>>> print(open('data.txt').read())   # compact mmCIF, C-alpha atoms
# COMPACT_ATOMS: atom_id res chain seq x y z
CA MET I 7 -26.01 -1.06 31.42
CA LEU I 8 -25.07 2.44 30.26
CA ASN I 9 -21.81 4.28 30.65
CA ASP I 10 -20.91 7.94 30.61
CA ILE I 11 -19.10 9.35 27.60
CA GLY I 12 -16.15 10.14 29.81
CA ALA I 13 -15.57 6.40 30.25
CA ALA I 14 -15.14 5.86 26.51
CA GLY I 15 -11.50 5.33 25.75
CA GLY I 16 -10.93 3.75 29.15
CA ARG I 17 -10.02 0.17 29.76
CA ALA I 18 -13.62 -1.05 29.58
CA PHE I 19 -14.11 0.48 26.15
CA LYS I 20 -13.41 -2.08 23.45
CA SER I 21 -12.90 0.43 20.63
CA PHE I 22 -16.56 0.26 19.57
CA ALA I 23 -19.89 0.73 21.34
CA LEU I 24 -23.38 1.96 20.66
CA ALA I 25 -24.34 5.37 21.97
CA ILE I 26 -27.75 6.77 22.73
CA ARG I 27 -29.25 9.97 24.01
CA ALA I 28 -32.73 11.25 24.74
CA PHE I 29 -34.14 14.35 23.12
CA GLY I 30 -37.34 14.19 25.10
CA PRO I 31 -39.85 11.67 26.33
CA ASP I 32 -39.86 8.73 23.96
CA HIS I 33 -37.53 10.50 21.56
CA TYR I 34 -34.12 8.91 21.27
CA HIS I 35 -31.17 9.04 18.94
CA SER I 36 -28.40 6.50 18.51
CA GLY I 37 -24.98 6.26 16.93
CA MET I 38 -21.73 4.37 16.98
CA LEU I 39 -18.95 5.34 19.30
CA TYR I 40 -15.55 4.24 18.11
CA GLN I 41 -11.90 4.74 18.75
CA THR I 42 -9.72 6.01 15.93
CA LYS I 43 -6.26 4.79 15.16
CA ASP I 44 -4.78 7.67 17.13
CA GLY I 45 -6.95 6.95 20.16
CA GLN I 46 -9.64 9.60 19.71
CA VAL I 47 -13.19 8.62 20.54
CA MET I 48 -15.66 9.71 17.86
CA LEU I 49 -19.37 9.37 17.30
CA LEU I 50 -20.60 8.32 13.86
CA HIS I 51 -24.32 8.84 13.50
CA LEU I 52 -26.97 9.51 10.92
CA ALA I 53 -28.36 12.75 12.22
CA ASP I 54 -30.89 13.40 9.44
CA ASN I 55 -31.56 13.15 5.73
CA PHE I 56 -28.17 13.11 3.93
CA ASP I 57 -26.60 14.19 7.18
CA LEU I 58 -24.08 11.66 8.43
CA ARG I 59 -21.94 13.11 11.18
CA ASN I 60 -18.61 12.09 12.55
CA GLU I 61 -17.83 14.16 15.59
CA ALA I 62 -16.65 14.16 19.15
CA PRO I 63 -19.56 12.88 21.25
CA SER I 64 -21.52 15.22 23.46
CA GLU I 65 -21.69 14.45 27.16
CA ARG I 66 -25.42 13.94 26.70
CA TYR I 67 -24.79 10.54 25.17
CA LYS I 68 -24.48 7.32 27.13
CA TRP I 69 -22.99 4.19 25.70
CA ALA I 70 -23.65 0.50 26.05
CA GLU I 71 -21.07 -2.21 25.64
CA PRO I 72 -22.12 -4.57 22.88
CA SER I 73 -21.82 -8.29 23.51
CA LEU I 74 -19.08 -8.60 20.94
CA THR I 75 -15.55 -9.82 21.33
CA THR I 76 -12.83 -7.22 21.46
CA SER I 77 -11.62 -8.40 18.08
CA ARG I 78 -14.95 -7.73 16.44
CA CYS I 79 -15.27 -4.35 18.16
CA LYS I 80 -11.92 -3.33 16.77
CA LEU I 81 -12.94 -4.43 13.32
CA LEU I 82 -16.10 -2.34 13.57
CA ALA I 83 -14.12 0.64 14.81
CA VAL I 84 -11.99 0.46 11.70
CA LEU I 85 -15.11 0.21 9.55
CA CYS I 86 -16.62 3.29 11.22
CA ALA I 87 -13.49 5.23 10.40
CA LYS I 88 -13.69 4.07 6.80
CA ILE I 89 -17.34 5.06 6.49
CA ALA I 90 -16.57 8.46 7.99
CA SER I 91 -13.74 8.99 5.55
CA GLN I 92 -16.11 8.31 2.63
CA ASP I 93 -18.56 10.92 3.94
CA PRO I 94 -21.45 9.19 2.18
CA LYS I 95 -24.75 10.94 1.51
CA ILE I 96 -27.27 8.62 3.11
CA PRO I 97 -30.97 9.30 2.59
CA TYR I 98 -33.30 9.08 5.52
CA GLY I 99 -35.84 6.32 5.00
CA PHE I 100 -38.14 3.84 6.68
CA ASP I 101 -37.05 0.81 4.69
CA LYS I 102 -33.40 -0.10 4.38
CA THR I 103 -33.89 -2.71 1.66
CA GLY I 104 -31.17 -2.56 -0.97
CA ILE I 105 -28.80 -0.36 0.99
CA SER I 106 -25.46 -1.89 1.79
CA ILE I 107 -22.12 -0.89 3.23
CA ASN I 108 -18.93 -2.17 1.70
CA SER I 109 -16.89 -3.55 4.56
CA SER I 110 -13.67 -3.16 2.63
CA THR I 111 -13.98 0.49 1.73
CA GLY I 112 -16.76 1.84 3.94
CA ALA I 113 -18.65 3.00 0.85
CA VAL I 114 -22.42 3.06 1.17
CA THR I 115 -24.36 1.72 -1.80
CA PRO I 116 -27.74 3.44 -2.01
CA GLY I 117 -30.93 1.47 -2.50
CA PRO I 118 -33.81 2.28 -4.83
CA GLU I 119 -35.36 5.72 -4.64
CA GLY I 120 -36.97 6.31 -1.27
CA LYS I 121 -35.13 3.56 0.53
CA GLY I 122 -33.00 4.91 3.30
CA LEU I 123 -31.83 4.54 6.84
CA THR I 124 -32.67 5.87 10.24
CA CYS I 125 -30.10 6.44 12.94
CA ALA I 126 -30.83 2.95 14.26
CA SER I 127 -30.98 1.10 10.96
CA PHE I 128 -27.69 2.77 9.98
CA ILE I 129 -26.12 0.93 12.91
CA MET I 130 -27.71 -2.32 11.75
CA ALA I 131 -26.45 -1.79 8.21
CA THR I 132 -22.93 -1.24 9.52
CA LEU I 133 -23.04 -4.48 11.51
CA ASP I 134 -24.53 -6.27 8.50
CA ALA I 135 -21.47 -5.37 6.45
CA TYR I 136 -19.58 -8.03 8.39
CA GLY I 137 -22.43 -10.50 8.63
CA MET I 138 -23.23 -9.48 12.21
CA ARG I 139 -27.00 -9.65 12.36
CA LEU I 140 -28.25 -7.86 15.45
CA LEU I 141 -32.02 -8.39 15.27
CA LYS I 142 -34.43 -11.06 14.08
CA GLU I 143 -35.92 -8.45 11.80
CA ASP I 144 -38.78 -10.58 10.53
CA GLU I 145 -40.26 -10.58 14.04
CA TRP I 146 -40.75 -6.80 14.02
CA PRO I 147 -44.33 -5.68 13.53
CA ARG I 148 -45.39 -3.57 10.61
CA ASN I 149 -47.70 -0.60 10.94
CA SER I 150 -46.72 0.11 14.52
CA HIS I 151 -45.07 3.49 14.04
CA GLU I 152 -47.19 5.15 11.37
CA GLN I 153 -47.74 8.28 13.41
CA TRP I 154 -44.00 8.82 13.73
CA GLN I 155 -43.46 8.02 10.05
CA ASN I 156 -46.12 10.50 8.95
CA ALA I 157 -44.66 13.18 11.20
CA THR I 158 -41.25 12.53 9.69
CA ILE I 159 -42.62 12.96 6.18
CA GLU I 160 -44.22 16.25 7.19
CA ARG I 161 -40.92 17.40 8.66
CA LEU I 162 -39.03 16.48 5.49
CA LYS I 163 -41.49 18.24 3.22
CA ALA I 164 -40.07 21.56 4.30
CA ARG I 165 -36.54 20.56 3.37
CA GLU I 166 -34.89 21.79 0.21
CA GLU I 167 -32.92 18.65 -0.54
CA VAL I 168 -35.95 16.38 -0.41
CA THR I 169 -37.36 15.64 -3.85
CA GLU I 170 -40.94 14.82 -4.73
CA GLU I 171 -39.76 11.33 -5.67
CA GLN I 172 -38.21 10.77 -2.26
CA LEU I 173 -41.35 11.98 -0.52
CA ALA I 174 -43.55 9.77 -2.65
CA ALA I 175 -41.37 6.77 -1.94
CA LEU I 176 -41.39 7.52 1.78
CA GLN I 177 -45.20 7.67 1.71
CA LYS I 178 -45.19 4.27 0.06
CA ASP I 179 -43.00 2.84 2.85
CA THR I 180 -45.21 4.12 5.63
CA GLY I 181 -46.01 1.11 7.74
CA ALA I 182 -42.58 -0.46 7.32
CA CYS I 183 -41.01 -2.05 10.41
CA ARG I 184 -39.30 0.47 12.62
CA PHE I 185 -36.29 -0.44 14.69
CA VAL I 186 -36.10 2.18 17.40
CA PRO I 187 -32.81 3.37 18.91
CA GLN I 188 -33.45 2.01 22.38
CA GLU I 189 -34.23 -1.47 20.99
CA VAL I 190 -31.12 -1.51 18.85
CA VAL I 191 -28.78 -0.27 21.57
CA GLY I 192 -30.43 -2.46 24.22
CA ALA I 193 -30.34 -5.55 22.01
CA SER I 194 -26.65 -5.04 21.31
CA THR I 195 -25.89 -5.88 24.92
CA ALA I 196 -27.70 -9.22 24.71
CA LYS I 197 -26.23 -12.51 23.79
CA PRO I 198 -26.57 -14.30 21.45
CA TRP I 199 -27.38 -12.25 18.39
CA PRO I 200 -29.72 -12.00 16.54
CA VAL I 201 -32.09 -10.81 19.23
CA GLY I 202 -35.83 -11.32 18.92
CA TYR I 203 -38.49 -8.63 19.13
CA GLU I 204 -39.72 -9.32 22.65
CA LYS I 205 -36.27 -9.36 24.17
CA ALA I 206 -35.16 -6.25 22.29
CA THR I 207 -38.29 -4.39 23.37
CA MET I 208 -37.73 -5.37 26.98
CA LEU I 209 -34.07 -4.32 26.84
CA GLY I 210 -35.11 -1.05 25.24
CA ILE I 211 -37.46 -0.31 28.10
CA VAL I 212 -34.78 -1.13 30.67
CA LEU I 213 -32.37 1.12 28.84
CA GLN I 214 -34.85 4.00 28.82
CA THR I 215 -34.94 3.95 32.59
CA HIS I 216 -31.22 4.74 32.59
CA LEU I 217 -31.52 7.71 30.27
CA PRO I 218 -32.29 11.17 31.53
CA ASN I 219 -34.85 12.98 29.38
CA MET N 14 10.82 -20.98 3.61
CA LEU N 15 14.48 -20.38 4.38
CA ASN N 16 16.40 -18.43 1.82
CA ASN N 17 19.96 -17.20 1.70
CA LEU N 18 19.18 -14.22 3.82
CA GLN N 19 17.82 -16.32 6.59
CA GLU N 20 20.64 -18.78 6.33
CA THR N 21 23.02 -15.86 6.71
CA LEU N 22 21.13 -14.70 9.71
CA VAL N 23 21.08 -18.08 11.36
CA THR N 24 24.73 -18.68 10.58
CA ASN N 25 25.77 -15.37 12.02
CA ALA N 26 23.71 -15.80 15.09
CA ASN N 27 25.85 -18.81 15.95
CA SER N 28 24.25 -20.62 18.82
CA GLU N 29 20.98 -18.73 18.68
CA HIS N 30 18.00 -20.39 17.07
CA TYR N 31 15.76 -18.14 15.03
CA ASP N 32 12.35 -19.29 14.03
CA LEU N 33 11.71 -17.20 10.98
CA LEU N 34 8.18 -16.77 9.86
CA GLY N 35 8.97 -14.69 6.84
CA TYR N 36 11.75 -13.12 4.94
CA PRO N 37 12.34 -9.93 3.02
CA ASP N 38 13.05 -9.67 -0.61
CA ALA N 39 14.23 -6.11 -0.33
CA MET N 40 16.21 -5.89 2.84
CA SER N 41 19.37 -5.11 0.96
CA ASP N 42 18.00 -1.70 0.10
CA SER N 43 16.16 -1.20 3.32
CA HIS N 44 15.41 2.38 4.27
CA GLY N 45 14.18 1.51 7.70
CA SER N 46 15.59 1.36 11.11
CA TRP N 47 15.48 -1.53 13.42
CA SER N 48 14.73 -1.70 17.05
CA SER N 49 15.42 -4.17 19.77
CA GLY N 50 13.07 -2.87 22.38
CA TYR N 51 12.05 0.62 23.30
CA GLY N 52 13.78 2.31 20.45
CA VAL N 53 17.12 0.81 21.30
CA GLY N 54 19.47 0.22 18.43
CA GLN N 55 18.73 2.44 15.48
CA CYS N 56 20.51 1.21 12.43
CA ALA N 57 21.47 3.03 9.32
CA PRO N 58 19.60 2.41 6.08
CA GLY N 59 21.00 -0.46 4.13
CA LEU N 60 22.34 -2.24 7.14
CA ALA N 61 23.65 -5.61 6.12
CA MET N 62 21.72 -8.57 7.40
CA ASN N 63 24.79 -10.19 8.87
CA GLU N 64 25.38 -7.06 10.92
CA ILE N 65 21.85 -7.28 12.25
CA ALA N 66 22.46 -10.90 13.01
CA THR N 67 25.56 -10.04 14.98
CA ARG N 68 23.68 -7.48 16.97
CA CYS N 69 20.95 -10.03 17.58
CA SER N 70 23.17 -12.30 19.52
CA TRP N 71 22.45 -10.63 22.83
CA VAL N 72 18.86 -11.83 22.68
CA SER N 73 18.49 -14.71 25.05
CA SER N 74 15.70 -16.67 23.43
CA PRO N 75 14.39 -15.06 20.31
CA THR N 76 11.38 -16.74 18.88
CA HIS N 77 10.31 -14.65 15.97
CA ILE N 78 12.03 -12.47 13.49
CA LEU N 79 10.01 -10.27 11.23
CA LEU N 80 11.67 -8.10 8.68
CA TRP N 81 10.99 -4.45 8.24
CA ASP N 82 11.79 -2.05 5.49
CA HIS N 83 9.01 0.45 5.49
CA PRO N 84 10.58 3.87 5.06
CA THR N 85 8.25 6.05 7.06
CA SER N 86 6.62 4.10 9.83
CA SER N 87 8.24 3.81 13.18
CA PHE N 88 8.34 0.61 15.10
CA GLY N 89 6.03 1.91 17.76
CA GLU N 90 3.35 2.86 15.28
CA SER N 91 2.84 -0.69 14.27
CA ILE N 92 3.60 -2.83 17.22
CA SER N 93 2.11 -2.06 20.55
CA VAL N 94 3.89 -1.45 23.77
CA ARG N 95 2.86 -4.82 25.10
CA TYR N 96 4.38 -6.51 22.12
CA LEU N 97 7.51 -4.46 22.51
CA ASN N 98 7.65 -5.57 26.09
CA ASP N 99 7.63 -9.12 24.87
CA LEU N 100 10.41 -8.30 22.50
CA TRP N 101 12.44 -6.76 25.23
CA ARG N 102 12.20 -9.94 27.20
CA SER N 103 12.58 -12.61 24.63
CA GLN N 104 12.29 -11.67 21.04
CA LEU N 105 13.88 -9.76 18.29
CA VAL N 106 11.61 -8.43 15.67
CA VAL N 107 12.72 -6.75 12.57
CA TYR N 108 9.49 -5.69 11.05
CA ARG N 109 8.95 -5.35 7.40
CA SER N 110 6.42 -3.26 5.65
CA ILE N 111 3.34 -4.30 7.57
CA GLN N 112 2.41 -0.68 8.11
CA GLY N 113 2.80 -0.09 4.42
CA GLY N 114 0.18 -2.63 3.46
CA ILE N 115 1.98 -5.79 2.52
CA LEU N 116 -1.14 -7.40 1.18
CA GLY N 117 -1.71 -4.87 -1.52
CA GLY N 118 1.72 -4.98 -2.95
CA MET N 119 2.42 -8.65 -3.42
CA VAL N 120 1.04 -10.76 -6.22
CA PRO N 121 0.01 -13.29 -5.23
CA ILE N 122 -0.23 -12.57 -1.54
CA ASP N 123 2.30 -14.62 0.28
CA PRO N 124 0.56 -16.73 2.92
CA ASP N 125 3.66 -16.70 5.07
CA TRP N 126 3.66 -12.94 5.06
CA LEU N 127 0.06 -12.99 6.11
CA VAL N 128 0.82 -15.26 9.00
CA MET N 129 3.66 -13.02 9.95
CA ALA N 130 1.44 -9.99 9.95
CA TYR N 131 -1.18 -11.76 11.95
CA ARG N 132 1.31 -12.75 14.58
CA ALA N 133 2.07 -9.08 15.07
CA VAL N 134 -1.49 -8.28 15.99
CA ASP N 135 -1.87 -7.43 19.60
CA GLU N 136 -5.10 -7.72 21.55
CA LEU N 137 -4.74 -4.18 22.86
CA SER N 138 -3.85 -2.33 19.73
CA LEU N 139 -6.40 -1.05 17.24
CA SER N 140 -3.72 0.18 14.92
CA ASP N 141 -2.38 -3.32 14.52
CA ILE N 142 -5.65 -4.73 13.29
CA GLU N 143 -5.95 -1.82 10.89
CA VAL N 144 -2.88 -3.12 9.16
CA ILE N 145 -4.70 -6.29 8.22
CA VAL N 146 -7.90 -4.50 7.39
CA ASP N 147 -6.11 -2.05 5.12
CA GLY N 148 -4.30 -4.83 3.35
CA LEU N 149 -7.43 -6.85 2.78
CA THR N 150 -9.28 -3.73 1.71
CA LYS N 151 -6.84 -3.14 -1.09
CA VAL N 152 -7.02 -6.65 -2.40
CA LEU N 153 -10.76 -7.16 -2.05
CA SER N 154 -11.57 -3.76 -3.47
CA SER N 155 -9.61 -4.57 -6.57
CA GLY N 156 -11.53 -7.83 -6.97
CA ARG N 157 -8.42 -9.98 -6.81
CA PHE N 158 -10.33 -12.88 -5.33
CA ALA N 159 -7.96 -15.53 -6.61
CA GLU N 160 -5.17 -14.00 -4.55
CA VAL N 161 -7.30 -13.90 -1.45
CA ASP N 162 -8.17 -17.54 -2.10
CA ILE N 163 -4.50 -18.42 -2.17
CA SER N 164 -4.01 -16.66 1.14
CA LEU N 165 -7.02 -18.25 2.74
CA SER N 166 -5.97 -21.72 1.74
CA GLY N 167 -2.37 -21.13 2.80
CA ALA N 168 -2.92 -19.32 6.07
CA ASP N 169 -2.80 -21.45 9.19
CA PRO N 170 -5.28 -20.25 11.84
CA SER N 171 -3.47 -22.16 14.56
CA ARG N 172 -0.60 -19.70 14.12
CA MET N 173 -2.76 -16.59 14.21
CA THR N 174 -4.08 -14.50 17.03
CA ALA N 175 -7.85 -14.44 17.54
CA ASP N 176 -7.82 -10.82 16.34
CA ALA N 177 -6.24 -11.84 13.10
CA ILE N 178 -8.68 -14.68 12.54
CA VAL N 179 -11.61 -12.40 13.17
CA ALA N 180 -10.23 -9.75 10.86
CA ILE N 181 -9.69 -12.07 7.95
CA ALA N 182 -12.91 -14.03 8.43
CA HIS N 183 -15.18 -11.02 8.74
CA MET N 184 -13.41 -8.91 6.16
CA THR N 185 -13.76 -11.67 3.59
CA PHE N 186 -17.30 -12.64 4.60
CA PRO N 187 -19.07 -10.34 2.14
CA ALA N 188 -17.01 -11.81 -0.70
CA LYS N 189 -17.43 -15.40 0.38
CA SER N 190 -19.36 -16.39 -2.73
CA ASN N 191 -16.28 -15.43 -4.76
CA LEU N 192 -13.86 -17.20 -2.48
CA HIS N 193 -13.62 -20.96 -2.86
CA ALA N 194 -11.41 -21.33 0.21
CA TRP N 195 -13.55 -19.18 2.50
CA GLN N 196 -15.67 -21.83 4.20
CA ASP N 197 -12.70 -24.09 4.71
CA PHE N 198 -10.75 -21.23 6.30
CA VAL N 199 -13.63 -20.42 8.65
CA ASP N 200 -14.03 -24.09 9.60
CA ARG N 201 -10.32 -24.41 10.32
CA SER N 202 -10.44 -21.15 12.27
CA ARG N 203 -13.29 -22.38 14.45
CA ALA N 204 -11.38 -25.57 15.13
CA ALA N 205 -8.21 -23.66 15.99
CA LEU N 206 -10.05 -21.26 18.32
CA THR N 207 -11.84 -24.11 20.07
CA GLU N 208 -8.69 -26.14 20.43
CA ARG N 209 -6.83 -23.42 22.26
CA GLY N 210 -9.81 -22.42 24.38
CA ASP N 211 -10.49 -19.00 22.88
CA GLU N 212 -14.00 -17.64 23.04
CA GLU N 213 -16.30 -19.72 20.90
CA ASP N 214 -18.27 -16.75 19.65
CA HIS N 215 -15.37 -15.09 17.85
CA LEU N 216 -16.78 -16.16 14.51
CA GLU N 217 -20.44 -16.10 15.43
CA GLY N 218 -22.69 -15.01 12.60
CA LEU N 219 -20.51 -16.35 9.81
CA ASP N 220 -22.84 -19.04 8.55
>>> encode(input="data.txt", output="structure tokens")
Amino acid sequence: MLNDIGAAGGRAFKSFALAIRAFGPDHYHSGMLYQTKDGQVMLLHLADNFDLRNEAPSERYKWAEPSLTTSRCKLLAVLCAKIASQDPKIPYGFDKTGISINSSTGAVTPGPEGKGLTCASFIMATLDAYGMRLLKEDEWPRNSHEQWQNATIERLKAREEVTEEQLAALQKDTGACRFVPQEVVGASTAKPWPVGYEKATMLGIVLQTHLPN
Amino acid sequence: MLNNLQETLVTNANSEHYDLLGYPDAMSDSHGSWSSGYGVGQCAPGLAMNEIATRCSWVSSPTHILLWDHPTSSFGESISVRYLNDLWRSQLVVYRSIQGGILGGMVPIDPDWLVMAYRAVDELSLSDIEVIVDGLTKVLSSGRFAEVDISLSGADPSRMTADAIVAIAHMTFPAKSNLHAWQDFVDRSRAALTERGDEEDHLEGLD
């Protein structure tokens, strides 16, 4: 289900894949692995608040092959490159409502104050740009990750770039559905899309067993 | 879509039959070079078409001729090795301006040029699909929906690679409410993909 970073760029790699790594027990981070025009493999990921990174992937990441045709993977690889070239400032947030990515230019249109993306919902927003809906989002439960959301707010409070308005808006969105990295990466391997909550959760658990902490 | 240039080419090729998918309007001042395989046959800028045609005659069964005049790109940058292999065996391609973004520079977009570009897309080459994406980006970003509509209604999915169909369908998806020909293009694309046995899920999600 998961491949080593060293295998990216090989024959099995279709120019685009989802990458994931563990930072500790039940703490995962995801991004998009893509091949550039000149053959380099890069990782595009939302690392933190206003911190989108486009870099060579660390060996700590594993990648999963999405159940997409090669054609669509190539299209997404091009889009990743376009997003990276725009270097957008994407706020971290629990609710991605109103945020969109222009598939033509890779520009990210921000949502209302406080709306933002996580590493996982950034992937979903990228897929959405081409009408590729990964998850049946309305099946996701609300109020299931409040502890994590509160901890995130506490973490952001100490940050210089975070305004009072952003914090207030984040507080308001506490309880919003959370799409966790392992669900998003796991679901991407399933077919057909969109994937429902139960299946994505199950795939996420399976995926966790393949990830070293 | 034959014009004088093509007639010249066909005439000079004598017994060879050339199925031309497109033609240049600027070949007379071409700055490019042409290639008949792995870099074989560099020609000087401004090479006359009839001279190219003469040199073409060695090709045993050419099936496509594309015309190229982009000043900076090399053949290999735009057409993959596999495609070049095909050329070496059976085709001559003179490749015009695809790398330079043909879609952005023509008003309206010429559907035949689109088809030509799409035929050049190779399943193994990311850089080839970027050509289409870049072209569409320019046009869609400038809001020239009417031109995209013309292309969508004129493009024939049965003559395109699956890569090309996917690129145009997904790239235009976000603008579909502005494109009157979008749904018809997607429907025709599905039919074309199904007919030739390509994967049915190429256009999944475009509803």
>>> interface_residues(input="data.txt", of="chain N", to="chain I", cutoff="7 Å", atoms="all atoms listed in the file", output="PDB file with C-alpha atoms, keeping the file's coordinate frame")
ATOM      1  CA  LEU N 139      -6.400  -1.050  17.240  1.00  0.00           C
ATOM      2  CA  SER N 140      -3.720   0.180  14.920  1.00  0.00           C
ATOM      3  CA  GLU N 143      -5.950  -1.820  10.890  1.00  0.00           C
ATOM      4  CA  THR N 150      -9.280  -3.730   1.710  1.00  0.00           C
ATOM      5  CA  LEU N 153     -10.760  -7.160  -2.050  1.00  0.00           C
ATOM      6  CA  SER N 154     -11.570  -3.760  -3.470  1.00  0.00           C
ATOM      7  CA  ASP N 176      -7.820 -10.820  16.340  1.00  0.00           C
ATOM      8  CA  VAL N 179     -11.610 -12.400  13.170  1.00  0.00           C
ATOM      9  CA  ALA N 180     -10.230  -9.750  10.860  1.00  0.00           C
ATOM     10  CA  HIS N 183     -15.180 -11.020   8.740  1.00  0.00           C
ATOM     11  CA  MET N 184     -13.410  -8.910   6.160  1.00  0.00           C
ATOM     12  CA  PHE N 186     -17.300 -12.640   4.600  1.00  0.00           C
ATOM     13  CA  PRO N 187     -19.070 -10.340   2.140  1.00  0.00           C
ATOM     14  CA  HIS N 215     -15.370 -15.090  17.850  1.00  0.00           C
ATOM     15  CA  GLY N 218     -22.690 -15.010  12.600  1.00  0.00           C
ATOM     16  CA  LEU N 219     -20.510 -16.350   9.810  1.00  0.00           C
TER      17      LEU N 219
END
>>> residues_around(input="data.txt", residues="stretch 163-179 of chain I", least_positions_apart="2", cutoff="7 Å", atoms="only C-alpha atoms", output="ChimeraX atom specification")
/I:99-101,119-120,159-161,181-182
>>> closest_residue(input="data.txt", among="N:Thr174, N:Ser190, N:Ser202, N:Gln196", to="N:Phe158", atoms="only C-alpha atoms")
N:Ser190
>>> atom_distance(input="data.txt", atom1="atom CA of N:Arg201", atom2="atom CA of N:Ser171")
8.4 Å
>>> axis_aligned_box(input="data.txt", around="stretch 51-68 of chain I", padding_each_side="5 Å", output="lines of an AutoDock Vina configuration file")
center_x = -24.1
center_y = 11.3
center_z = 15.5
size_x = 24.9
size_y = 17.9
size_z = 33.2
>>> atom_distance(input="data.txt", atom1="atom CA of I:Ala25", atom2="atom CA of I:Ile89")
17.0 Å
>>> atom_distance(input="data.txt", atom1="atom CA of N:Ile145", atom2="atom CA of I:Pro116")
27.0 Å
>>> closest_residue(input="data.txt", among="N:Asp197, N:Leu192, N:Ile142, N:Asp220", to="N:Asp162", atoms="only C-alpha atoms")
N:Leu192
>>> residues_around(input="data.txt", residues="N:Ala182", least_positions_apart="3", cutoff="8 Å", atoms="only C-alpha atoms", output="mmCIF file with C-alpha atoms, in the frame of the given file")
data_model
loop_
_atom_site.group_PDB
_atom_site.id
_atom_site.type_symbol
_atom_site.label_atom_id
_atom_site.label_comp_id
_atom_site.auth_asym_id
_atom_site.auth_seq_id
_atom_site.Cartn_x
_atom_site.Cartn_y
_atom_site.Cartn_z
ATOM 1 C CA ILE N 178 -8.680 -14.680 12.540
ATOM 2 C CA VAL N 179 -11.610 -12.400 13.170
ATOM 3 C CA THR N 185 -13.760 -11.670 3.590
ATOM 4 C CA PHE N 186 -17.300 -12.640 4.600
ATOM 5 C CA TRP N 195 -13.550 -19.180 2.500
ATOM 6 C CA PHE N 198 -10.750 -21.230 6.300
ATOM 7 C CA VAL N 199 -13.630 -20.420 8.650
ATOM 8 C CA LEU N 216 -16.780 -16.160 14.510
#
>>> residues_around(input="data.txt", residues="I:Met130", least_positions_apart="6", cutoff="12 Å", atoms="only C-alpha atoms", output="MDAnalysis selection string")
chainID I and resid 24 36:38 51:52 82 102:103 105:107 123:124 136:143 184:187 189:191 193:194 199:200
